[in-house]
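Structure data follow from upload-v4.txt (compact mmCIF, C-alpha atoms and all ligand atoms):
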# COMPACT_ATOMS: atom_id res chain seq x y z
CA MET A 24 94.22 49.42 78.77
CA LYS A 25 92.63 50.28 82.05
CA LEU A 26 93.37 48.66 85.42
CA LEU A 27 90.38 48.48 87.79
CA VAL A 28 91.13 47.75 91.45
CA ASP A 29 88.78 46.80 94.29
CA ALA A 30 90.81 46.90 97.50
CA GLY A 31 88.83 45.39 100.39
CA ASN A 32 89.91 44.77 103.97
CA THR A 33 91.11 41.24 103.15
CA ARG A 34 91.90 41.05 99.45
CA LEU A 35 92.62 43.22 96.50
CA LYS A 36 90.81 42.23 93.30
CA TRP A 37 91.66 43.61 89.87
CA LEU A 38 90.56 43.54 86.25
CA LEU A 39 92.60 44.63 83.27
CA VAL A 40 90.42 45.75 80.37
CA GLY A 41 91.25 46.99 76.89
CA ASP A 42 88.71 48.40 74.40
CA GLY A 43 85.77 46.88 76.26
CA HIS A 44 87.25 43.37 76.45
CA LEU A 45 88.73 41.62 79.45
CA VAL A 46 92.51 41.17 79.27
CA GLY A 47 93.07 39.66 82.70
CA THR A 48 91.75 39.30 86.22
CA GLY A 49 93.32 38.43 89.54
CA SER A 50 93.41 38.87 93.28
CA ALA A 51 95.99 39.16 96.02
CA ILE A 52 96.00 39.33 99.77
CA LEU A 53 95.76 42.98 100.82
CA ASP A 54 99.30 43.29 102.15
CA ALA A 55 100.98 41.42 99.28
CA ASP A 56 104.37 42.91 98.32
CA ASP A 57 103.62 42.82 94.61
CA PRO A 58 99.85 42.42 94.03
CA PHE A 59 100.12 43.10 90.28
CA CYS A 60 103.07 40.80 89.53
CA ASP A 61 100.96 38.73 87.08
CA ILE A 62 100.51 41.72 84.78
CA ARG A 63 103.89 43.39 85.18
CA CYS A 64 104.72 42.81 81.49
CA GLN A 65 101.59 44.76 80.50
CA SER A 66 102.18 47.76 82.76
CA ALA A 67 103.49 50.03 79.98
CA HIS A 68 100.16 49.65 78.13
CA ILE A 69 98.02 50.77 81.08
CA ARG A 70 96.73 54.30 80.43
CA ARG A 71 94.56 54.71 83.53
CA VAL A 72 93.99 53.10 86.93
CA ALA A 73 90.65 53.33 88.77
CA VAL A 74 90.30 52.24 92.39
CA SER A 75 87.39 51.50 94.73
CA THR A 76 88.58 50.95 98.26
CA VAL A 77 87.50 50.73 101.90
CA ILE A 78 90.96 50.35 103.46
CA SER A 79 92.47 52.81 105.95
CA GLU A 80 94.03 56.04 104.67
CA GLU A 81 97.49 54.71 105.60
CA ARG A 82 96.98 51.54 103.58
CA ARG A 83 95.42 53.50 100.73
CA GLN A 84 98.56 55.63 100.51
CA HIS A 85 100.67 52.47 100.49
CA LEU A 86 98.52 51.08 97.65
CA GLN A 87 98.97 54.33 95.74
CA VAL A 88 102.76 54.06 96.12
CA GLN A 89 102.61 50.43 94.88
CA LEU A 90 100.53 51.48 91.87
CA GLU A 91 102.83 54.42 91.06
CA ALA A 92 105.80 52.05 91.15
CA PHE A 93 103.93 49.58 88.95
CA CYS A 94 102.80 51.88 86.14
CA ARG A 95 102.97 55.51 85.06
CA ALA A 96 99.26 55.96 84.40
CA PRO A 97 97.05 58.40 86.33
CA ILE A 98 95.38 56.80 89.34
CA VAL A 99 91.81 57.81 90.21
CA PHE A 100 90.10 56.83 93.47
CA HIS A 101 86.30 56.71 93.32
CA TRP A 102 84.15 57.06 96.45
CA ALA A 103 80.49 56.76 97.42
CA GLU A 104 78.39 59.62 96.05
CA PRO A 105 75.04 61.25 96.90
CA ARG A 106 73.65 60.11 93.53
CA ARG A 107 74.62 58.85 90.11
CA GLY A 108 72.14 58.76 87.29
CA GLY A 109 68.89 57.63 88.87
CA LEU A 110 70.57 55.90 91.83
CA VAL A 111 70.17 57.97 95.01
CA ASN A 112 72.12 57.21 98.18
CA ALA A 113 70.10 56.98 101.43
CA TYR A 114 73.07 58.15 103.50
CA THR A 115 73.07 61.79 104.60
CA GLU A 116 76.82 61.54 105.18
CA THR A 117 77.54 59.90 101.85
CA ASP A 118 81.30 59.93 102.27
CA ARG A 119 80.97 57.59 105.27
CA MET A 120 79.59 54.81 103.05
CA GLY A 121 82.07 52.19 101.80
CA ALA A 122 82.91 52.83 98.15
CA ASP A 123 82.49 49.08 97.47
CA ARG A 124 78.81 49.23 98.45
CA TRP A 125 78.13 52.19 96.19
CA HIS A 126 79.92 50.67 93.21
CA ALA A 127 78.19 47.30 93.65
CA MET A 128 74.81 49.07 93.79
CA TYR A 129 75.64 51.09 90.70
CA ALA A 130 76.54 47.94 88.75
CA ALA A 131 73.21 46.36 89.72
CA TRP A 132 71.34 49.58 88.92
CA GLN A 133 72.90 49.77 85.46
CA ALA A 134 71.31 46.44 84.52
CA ASP A 135 68.04 48.40 84.41
CA GLU A 136 65.96 45.51 85.70
CA GLY A 137 64.13 47.15 88.60
CA GLY A 138 64.63 47.07 92.36
CA PHE A 139 67.22 44.81 93.96
CA ALA A 140 69.20 43.75 96.99
CA VAL A 141 73.00 43.58 96.91
CA VAL A 142 74.72 41.26 99.37
CA ASP A 143 78.53 41.59 99.62
CA ALA A 144 80.01 38.81 101.74
CA GLY A 145 83.56 40.05 102.28
CA SER A 146 85.51 40.85 105.47
CA ALA A 147 82.20 42.30 106.61
CA ILE A 148 78.83 41.40 105.08
CA THR A 149 76.81 44.28 103.68
CA ILE A 150 73.23 44.17 102.48
CA ASP A 151 71.76 47.10 100.53
CA TYR A 152 68.25 47.56 99.19
CA VAL A 153 67.42 49.70 96.14
CA ALA A 154 63.86 50.36 94.94
CA ASP A 155 62.61 50.37 91.33
CA THR A 156 62.89 54.18 91.39
CA GLY A 157 66.63 54.03 92.14
CA ALA A 158 66.14 55.13 95.76
CA HIS A 159 68.60 53.38 98.05
CA LEU A 160 66.42 52.21 100.94
CA GLY A 161 69.35 51.65 103.31
CA GLY A 162 71.18 48.54 104.37
CA TYR A 163 72.94 46.47 107.01
CA ILE A 164 76.54 45.81 108.04
CA LEU A 165 77.35 42.52 109.77
CA PRO A 166 80.60 40.74 110.64
CA GLY A 167 81.90 38.50 107.85
CA LYS A 168 82.75 34.82 108.20
CA GLN A 169 86.42 35.15 109.20
CA MET A 170 85.67 38.14 111.44
CA MET A 171 83.01 36.16 113.26
CA LEU A 172 85.17 33.04 113.67
CA ARG A 173 88.14 35.17 114.77
CA SER A 174 86.14 36.99 117.43
CA LEU A 175 84.82 33.68 118.84
CA ARG A 176 88.35 32.28 118.95
CA GLN A 177 89.95 35.41 120.41
CA ASP A 178 87.35 36.70 122.83
CA ALA A 179 86.25 33.44 124.49
CA ALA A 180 88.88 31.45 126.38
CA ARG A 181 87.34 28.00 125.86
CA ILE A 182 86.05 28.14 122.30
CA GLY A 183 88.60 26.09 120.34
CA PHE A 184 87.40 24.73 117.01
CA ASP A 185 88.56 23.38 113.69
CA ALA A 186 87.88 24.55 110.15
CA SER A 187 85.02 22.80 108.40
CA ASP A 188 83.42 22.82 104.97
CA VAL A 189 80.32 21.03 106.23
CA GLN A 190 77.15 22.87 105.27
CA ALA A 191 75.05 21.65 108.21
CA ALA A 192 72.77 23.76 110.36
CA GLU A 193 71.47 21.21 112.89
CA PRO A 194 72.39 21.67 116.56
CA GLY A 195 76.05 20.72 117.08
CA ALA A 196 77.46 18.18 119.53
CA SER A 197 81.03 19.49 119.74
CA THR A 198 82.57 22.97 119.89
CA THR A 199 83.55 22.76 116.22
CA GLU A 200 80.03 21.68 115.20
CA CYS A 201 78.37 24.31 117.39
CA VAL A 202 80.49 27.07 115.85
CA GLN A 203 80.48 25.87 112.23
CA HIS A 204 76.81 24.83 112.18
CA GLY A 205 76.01 28.06 113.99
CA LEU A 206 77.47 30.04 111.13
CA VAL A 207 75.38 28.16 108.53
CA TRP A 208 72.29 28.51 110.76
CA LEU A 209 72.89 32.25 111.05
CA TRP A 210 73.42 32.63 107.31
CA ALA A 211 70.28 30.60 106.55
CA SER A 212 68.32 32.93 108.85
CA MET A 213 69.87 35.93 107.13
CA ALA A 214 68.94 34.51 103.69
CA ALA A 215 65.33 34.07 104.82
CA ARG A 216 65.31 37.59 106.22
CA ILE A 217 66.64 39.07 102.97
CA GLU A 218 63.97 37.18 100.99
CA ALA A 219 61.25 38.46 103.31
CA ASP A 220 62.55 42.05 103.06
CA CYS A 221 62.64 41.82 99.25
CA ARG A 222 59.05 40.54 99.17
CA ARG A 223 57.92 43.33 101.50
CA LEU A 224 59.82 46.03 99.60
CA GLY A 225 58.88 44.68 96.16
CA LEU A 226 62.49 44.06 95.06
CA GLY A 227 62.72 41.47 92.30
CA ARG A 228 66.40 40.55 92.34
CA VAL A 229 69.13 39.62 94.81
CA LEU A 230 72.77 39.86 93.70
CA VAL A 231 75.55 38.40 95.79
CA THR A 232 79.28 39.07 95.59
CA GLY A 233 82.38 38.78 97.80
CA GLY A 234 84.70 35.98 98.84
CA ASP A 235 82.01 34.17 100.86
CA ALA A 236 79.22 34.46 98.27
CA GLU A 237 79.22 30.72 97.60
CA GLY A 238 78.89 29.94 101.30
CA LEU A 239 75.81 32.16 101.46
CA LEU A 240 74.32 30.48 98.38
CA ASP A 241 75.00 27.06 99.95
CA ALA A 242 73.30 28.24 103.14
CA GLY A 243 70.14 28.93 101.14
CA LEU A 244 70.42 32.46 99.79
CA SER A 245 68.59 32.65 96.49
CA ALA A 246 70.63 35.13 94.44
CA HIS A 247 72.60 35.74 91.25
CA HIS A 248 76.31 35.36 91.92
CA GLU A 249 78.26 38.29 90.43
CA PRO A 250 81.88 37.89 91.59
CA SER A 251 83.04 41.17 90.01
CA LEU A 252 80.07 43.37 90.88
CA VAL A 253 82.15 46.08 92.61
CA LEU A 254 84.65 46.20 89.71
CA LYS A 255 81.80 46.34 87.21
CA GLY A 256 80.27 49.34 88.97
CA LEU A 257 83.69 50.97 89.28
CA ALA A 258 84.26 50.48 85.52
CA ALA A 259 80.94 52.21 84.78
CA VAL A 260 81.64 55.11 87.15
CA ASP A 261 85.18 55.61 85.86
CA GLY A 262 84.06 55.44 82.23
CA GLU A 263 81.45 58.12 82.90
CA SER A 264 83.88 60.38 84.74
CA GLU A 265 86.34 60.13 81.84
CA ARG A 266 83.63 61.27 79.43
CA GLU A 267 82.54 64.18 81.66
N1 LIG A 301 91.75 33.30 98.73
C1 LIG A 301 91.09 33.88 99.75
N2 LIG A 301 91.75 34.67 100.62
C2 LIG A 301 91.11 35.25 101.64
N3 LIG A 301 89.78 35.08 101.89
C3 LIG A 301 89.08 34.32 101.06
C4 LIG A 301 89.70 33.68 99.95
N4 LIG A 301 88.72 33.00 99.29
C5 LIG A 301 87.58 33.18 99.97
N5 LIG A 301 87.79 33.96 101.05
C6 LIG A 301 86.74 34.39 101.97
O1 LIG A 301 86.38 35.65 101.50
C7 LIG A 301 86.27 36.59 102.56
C8 LIG A 301 86.85 37.90 102.06
O2 LIG A 301 86.13 38.24 100.90
P1 LIG A 301 86.52 39.45 99.99
O3 LIG A 301 85.34 39.72 99.15
O4 LIG A 301 87.80 39.23 99.30
O5 LIG A 301 86.71 40.56 101.11
P2 LIG A 301 87.15 42.06 101.08
O6 LIG A 301 86.41 42.69 99.92
O7 LIG A 301 86.68 42.55 102.39
O8 LIG A 301 88.63 42.10 100.92
C9 LIG A 301 86.98 36.02 103.75
O9 LIG A 301 86.20 36.24 104.89
C10 LIG A 301 87.11 34.54 103.44
O10 LIG A 301 86.20 33.78 104.21
C1 LIG A 302 81.33 47.63 105.53
C2 LIG A 302 82.70 47.52 104.87
C3 LIG A 302 83.76 47.29 105.94
C4 LIG A 302 82.72 46.32 103.91
O1 LIG A 302 83.99 46.22 103.33
P1 LIG A 302 84.70 44.79 103.06
O2 LIG A 302 84.25 43.85 104.10
O3 LIG A 302 84.18 44.35 101.72
O4 LIG A 302 86.17 45.01 103.07
C5 LIG A 302 83.01 48.79 104.00
O5 LIG A 302 81.99 48.99 103.06
C6 LIG A 302 83.21 50.00 104.86
O6 LIG A 302 84.24 50.22 105.42
N1 LIG A 302 82.15 50.85 104.97
C7 LIG A 302 82.18 52.07 105.74
C8 LIG A 302 80.96 52.17 106.60
C9 LIG A 302 79.65 52.24 105.81
O7 LIG A 302 79.56 51.75 104.68
O8 LIG A 302 78.69 52.81 106.37
K K A 303 84.09 44.16 99.14
Take the structure from the file and write it as structure tokens.
Amino acid sequence: MKLLVDAGNTRLKWLLVGDGHLVGTGSAILDADDPFCDIRCQSAHIRRVAVSTVISEERRQHLQVQLEAFCRAPIVFHWAEPRRGGLVNAYTETDRMGADRWHAMYAAWQADEGGFAVVDAGSAITIDYVADTGAHLGGYILPGKQMMLRSLRQDAARIGFDASDVQAAEPGASTTECVQHGLVWLWASMAARIEADCRRLGLGRVLVTGGDAEGLLDAGLSAHHEPSLVLKGLAAVDGESERE
């Protein structure tokens, strides 16, 4: 079996696969003491671990120690690359790109259905555009939902607000409404902007992933929800590098 790990700035997501079929899936908060406790009884059967991560080097080393304590299999970290197959990274300094973005793009590219946008609504929100030819056209990095709410709470003395699941975008009449509706309003504008970019660039598909994907869909983003897009791309990359 192979353990695939996507370690983001907030959560660690994993898939356990054996002979092409899914054995288990789970997630844990990034700093969890024992993120793989649910699959401890299977650890002896894991023959390889592949990781896509954007966490700091210090945290990455801690994750490596946790994985080494968990199972005896080799651990391979995969990073953003200049190109893979027909997919070509727009970054000149490829190693500065988050591995999660590259792996999500590679998963979408592998579907072989033409140009696309990938939206990853995690700790930060990333948007990447890829043309029919496989050329990455570049992207955007924006603060994610919790990051945005945290900065409003921390950096402004008089913005106190409550949590809300309301999906309203009309002008608010309280601090909570102004903040929470503001987020939906911003996301709706972002969704419209992504649609307009895709029309202009001739990209036929939008894929959305990340912990806040559903919020973006509720705010009006028209996209296919692929919760495990990063892990899917990582699985493809790791499978190829094993065969090389
Ligand atoms: N169980 C959860 N724990 C933490 N955040 C969650 C959870 N479910 C949804 N979220 C939302 O998902 C976002 C993090 O998404 P995720 O894709 O896990 O991020 P990352 O890849 O950066 O770790 C948070 O901003 C939060 O709003
Ligand atoms: C933009 C990101 C923080 C998103 O990561 P996440 O929010 O999913 O944890 C990550 O892809 C990253 O650290 N990127 C490095 C900068 C870049 O991609 O240009
Ligand atoms: K991510």
Report the closest atom pair, with its distance in Å rounded to one decimal, for each residue of chain A that has an atom no farther than 6 Å from ligand LIG 302 (chain A); count only C-alpha atoms and all ligand atoms, sort by chain and then rising residue number, and write it as CSV.
residue,atom,partner,partner_atom,distance
A:Gly31,CA,A:LIG302,O4,3.8
A:Asn32,CA,A:LIG302,O4,3.9
A:Val77,CA,A:LIG302,O6,4.8
A:Arg119,CA,A:LIG302,O8,5.4
A:Met120,CA,A:LIG302,O7,3.5
A:Gly121,CA,A:LIG302,O5,3.4
A:Asp123,CA,A:LIG302,O5,5.6
A:Arg124,CA,A:LIG302,O5,5.6
A:Gly145,CA,A:LIG302,O2,4.3
A:Ser146,CA,A:LIG302,O2,3.5
A:Ala147,CA,A:LIG302,O2,3.6
A:Thr149,CA,A:LIG302,C1,5.9
A:Ile164,CA,A:LIG302,C1,5.7
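Counting from atom CA of Pro194 of chain A, the distance to atom CA of Glu237 of chain A is 22.1 Å.
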Shell around Val229 of chain A at 6 Å using all atoms listed in the file, local window under 2 positions removed, as a ChimeraX atom specification: /A:139-141,246
Those same residues, written as a PDB file, in the coordinates of the input with C-alpha atoms?
ATOM      1  CA  PHE A 139      67.220  44.810  93.960  1.00  0.00           C
ATOM      2  CA  ALA A 140      69.200  43.750  96.990  1.00  0.00           C
ATOM      3  CA  VAL A 141      73.000  43.580  96.910  1.00  0.00           C
ATOM      4  CA  ALA A 246      70.630  35.130  94.440  1.00  0.00           C
TER       5      ALA A 246
END
Proximity to Trp210 of chain A - best of A:Ala186, A:Val142, A:Val111, A:Val72, all atoms listed in the file: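 Of A:Ala186, A:Val142, A:Val111, A:Val72, the one nearest Trp210 of chain A is A:Val142, counting all atoms listed in the file.
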Among listed residues A:Gly167, A:Gly243, A:Gly108, A:Gly225, nearest ligand K 303 (chain A) (using all atoms listed in the file): A:Gly167
Local residues around (95.4, 48.4, 99.5), at most 10 Å away, using all atoms listed in the file, as a PDB file with C-alpha atoms, in the frame of the given file:
ATOM      1  CA  VAL A  28      91.130  47.750  91.450  1.00  0.00           C
ATOM      2  CA  ASP A  29      88.780  46.800  94.290  1.00  0.00           C
ATOM      3  CA  ALA A  30      90.810  46.900  97.500  1.00  0.00           C
ATOM      4  CA  GLY A  31      88.830  45.390 100.390  1.00  0.00           C
ATOM      5  CA  ASN A  32      89.910  44.770 103.970  1.00  0.00           C
ATOM      6  CA  THR A  33      91.110  41.240 103.150  1.00  0.00           C
ATOM      7  CA  ARG A  34      91.900  41.050  99.450  1.00  0.00           C
ATOM      8  CA  LEU A  35      92.620  43.220  96.500  1.00  0.00           C
ATOM      9  CA  LYS A  36      90.810  42.230  93.300  1.00  0.00           C
ATOM     10  CA  ALA A  51      95.990  39.160  96.020  1.00  0.00           C
ATOM     11  CA  ILE A  52      96.000  39.330  99.770  1.00  0.00           C
ATOM     12  CA  LEU A  53      95.760  42.980 100.820  1.00  0.00           C
ATOM     13  CA  ASP A  54      99.300  43.290 102.150  1.00  0.00           C
ATOM     14  CA  ALA A  55     100.980  41.420  99.280  1.00  0.00           C
ATOM     15  CA  PRO A  58      99.850  42.420  94.030  1.00  0.00           C
ATOM     16  CA  VAL A  74      90.300  52.240  92.390  1.00  0.00           C
ATOM     17  CA  SER A  75      87.390  51.500  94.730  1.00  0.00           C
ATOM     18  CA  THR A  76      88.580  50.950  98.260  1.00  0.00           C
ATOM     19  CA  VAL A  77      87.500  50.730 101.900  1.00  0.00           C
ATOM     20  CA  ILE A  78      90.960  50.350 103.460  1.00  0.00           C
ATOM     21  CA  SER A  79      92.470  52.810 105.950  1.00  0.00           C
ATOM     22  CA  GLU A  80      94.030  56.040 104.670  1.00  0.00           C
ATOM     23  CA  GLU A  81      97.490  54.710 105.600  1.00  0.00           C
ATOM     24  CA  ARG A  82      96.980  51.540 103.580  1.00  0.00           C
ATOM     25  CA  ARG A  83      95.420  53.500 100.730  1.00  0.00           C
ATOM     26  CA  GLN A  84      98.560  55.630 100.510  1.00  0.00           C
ATOM     27  CA  HIS A  85     100.670  52.470 100.490  1.00  0.00           C
ATOM     28  CA  LEU A  86      98.520  51.080  97.650  1.00  0.00           C
ATOM     29  CA  GLN A  87      98.970  54.330  95.740  1.00  0.00           C
ATOM     30  CA  VAL A  88     102.760  54.060  96.120  1.00  0.00           C
ATOM     31  CA  GLN A  89     102.610  50.430  94.880  1.00  0.00           C
ATOM     32  CA  LEU A  90     100.530  51.480  91.870  1.00  0.00           C
TER      33      LEU A  90
END
Segment 156-184 of chain A from the block above: N, CA and C atoms written as a compact mmCIF listing (two decimals), in the first residue's frame:
# COMPACT_ATOMS: atom_id res chain seq x y z
N THR A 156 -2.81 23.79 -24.51
CA THR A 156 -1.48 23.28 -24.89
C THR A 156 -0.71 22.72 -23.69
N GLY A 157 -1.21 22.97 -22.47
CA GLY A 157 -0.47 22.55 -21.28
C GLY A 157 0.38 23.67 -20.70
N ALA A 158 0.35 24.84 -21.35
CA ALA A 158 1.12 25.97 -20.83
C ALA A 158 0.40 26.57 -19.61
N HIS A 159 1.09 26.58 -18.50
CA HIS A 159 0.56 27.28 -17.31
C HIS A 159 0.64 28.77 -17.61
N LEU A 160 -0.51 29.45 -17.49
CA LEU A 160 -0.57 30.87 -17.88
C LEU A 160 -0.34 31.78 -16.68
N GLY A 161 -0.06 31.17 -15.51
CA GLY A 161 0.14 31.96 -14.30
C GLY A 161 -1.06 31.86 -13.38
N GLY A 162 -1.01 32.59 -12.29
CA GLY A 162 -2.10 32.47 -11.32
C GLY A 162 -2.15 33.61 -10.32
N TYR A 163 -2.90 33.39 -9.26
CA TYR A 163 -3.08 34.39 -8.20
C TYR A 163 -2.99 33.71 -6.85
N ILE A 164 -2.52 34.48 -5.86
CA ILE A 164 -2.54 34.00 -4.46
C ILE A 164 -3.26 35.05 -3.63
N LEU A 165 -4.30 34.62 -2.92
CA LEU A 165 -5.10 35.54 -2.10
C LEU A 165 -5.22 34.96 -0.69
N PRO A 166 -5.53 35.80 0.30
CA PRO A 166 -5.74 35.22 1.64
C PRO A 166 -6.98 34.33 1.65
N GLY A 167 -6.90 33.23 2.40
CA GLY A 167 -8.05 32.34 2.55
C GLY A 167 -9.04 32.88 3.57
N LYS A 168 -10.13 32.14 3.74
CA LYS A 168 -11.22 32.62 4.60
C LYS A 168 -10.75 32.91 6.03
N GLN A 169 -10.13 31.91 6.67
CA GLN A 169 -9.74 32.10 8.08
C GLN A 169 -8.65 33.17 8.21
N MET A 170 -7.76 33.22 7.23
CA MET A 170 -6.69 34.22 7.23
C MET A 170 -7.28 35.63 7.16
N MET A 171 -8.29 35.76 6.32
CA MET A 171 -8.92 37.06 6.13
C MET A 171 -9.67 37.47 7.40
N LEU A 172 -10.45 36.55 7.97
CA LEU A 172 -11.21 36.86 9.18
C LEU A 172 -10.25 37.15 10.34
N ARG A 173 -9.17 36.37 10.41
CA ARG A 173 -8.19 36.56 11.50
C ARG A 173 -7.53 37.93 11.40
N SER A 174 -7.19 38.34 10.19
CA SER A 174 -6.50 39.63 10.06
C SER A 174 -7.46 40.78 10.39
N LEU A 175 -8.74 40.65 10.06
CA LEU A 175 -9.71 41.69 10.43
C LEU A 175 -9.85 41.77 11.95
N ARG A 176 -9.89 40.60 12.57
CA ARG A 176 -10.06 40.55 14.03
C ARG A 176 -8.82 41.08 14.74
N GLN A 177 -7.64 40.70 14.23
CA GLN A 177 -6.40 41.03 14.94
C GLN A 177 -5.89 42.44 14.67
N ASP A 178 -6.09 42.92 13.46
CA ASP A 178 -5.42 44.16 13.07
C ASP A 178 -6.32 45.39 13.13
N ALA A 179 -7.58 45.20 13.52
CA ALA A 179 -8.47 46.36 13.70
C ALA A 179 -9.09 46.26 15.09
N ALA A 180 -8.90 47.30 15.89
CA ALA A 180 -9.28 47.24 17.31
C ALA A 180 -10.78 47.06 17.51
N ARG A 181 -11.61 47.63 16.62
CA ARG A 181 -13.05 47.63 16.88
C ARG A 181 -13.86 46.73 15.93
N ILE A 182 -13.18 45.80 15.28
CA ILE A 182 -13.95 44.84 14.48
C ILE A 182 -14.10 43.56 15.28
N GLY A 183 -15.24 43.45 16.00
CA GLY A 183 -15.57 42.21 16.71
C GLY A 183 -16.76 41.61 15.99
N PHE A 184 -16.71 40.32 15.70
CA PHE A 184 -17.82 39.72 14.95
C PHE A 184 -17.97 38.25 15.31
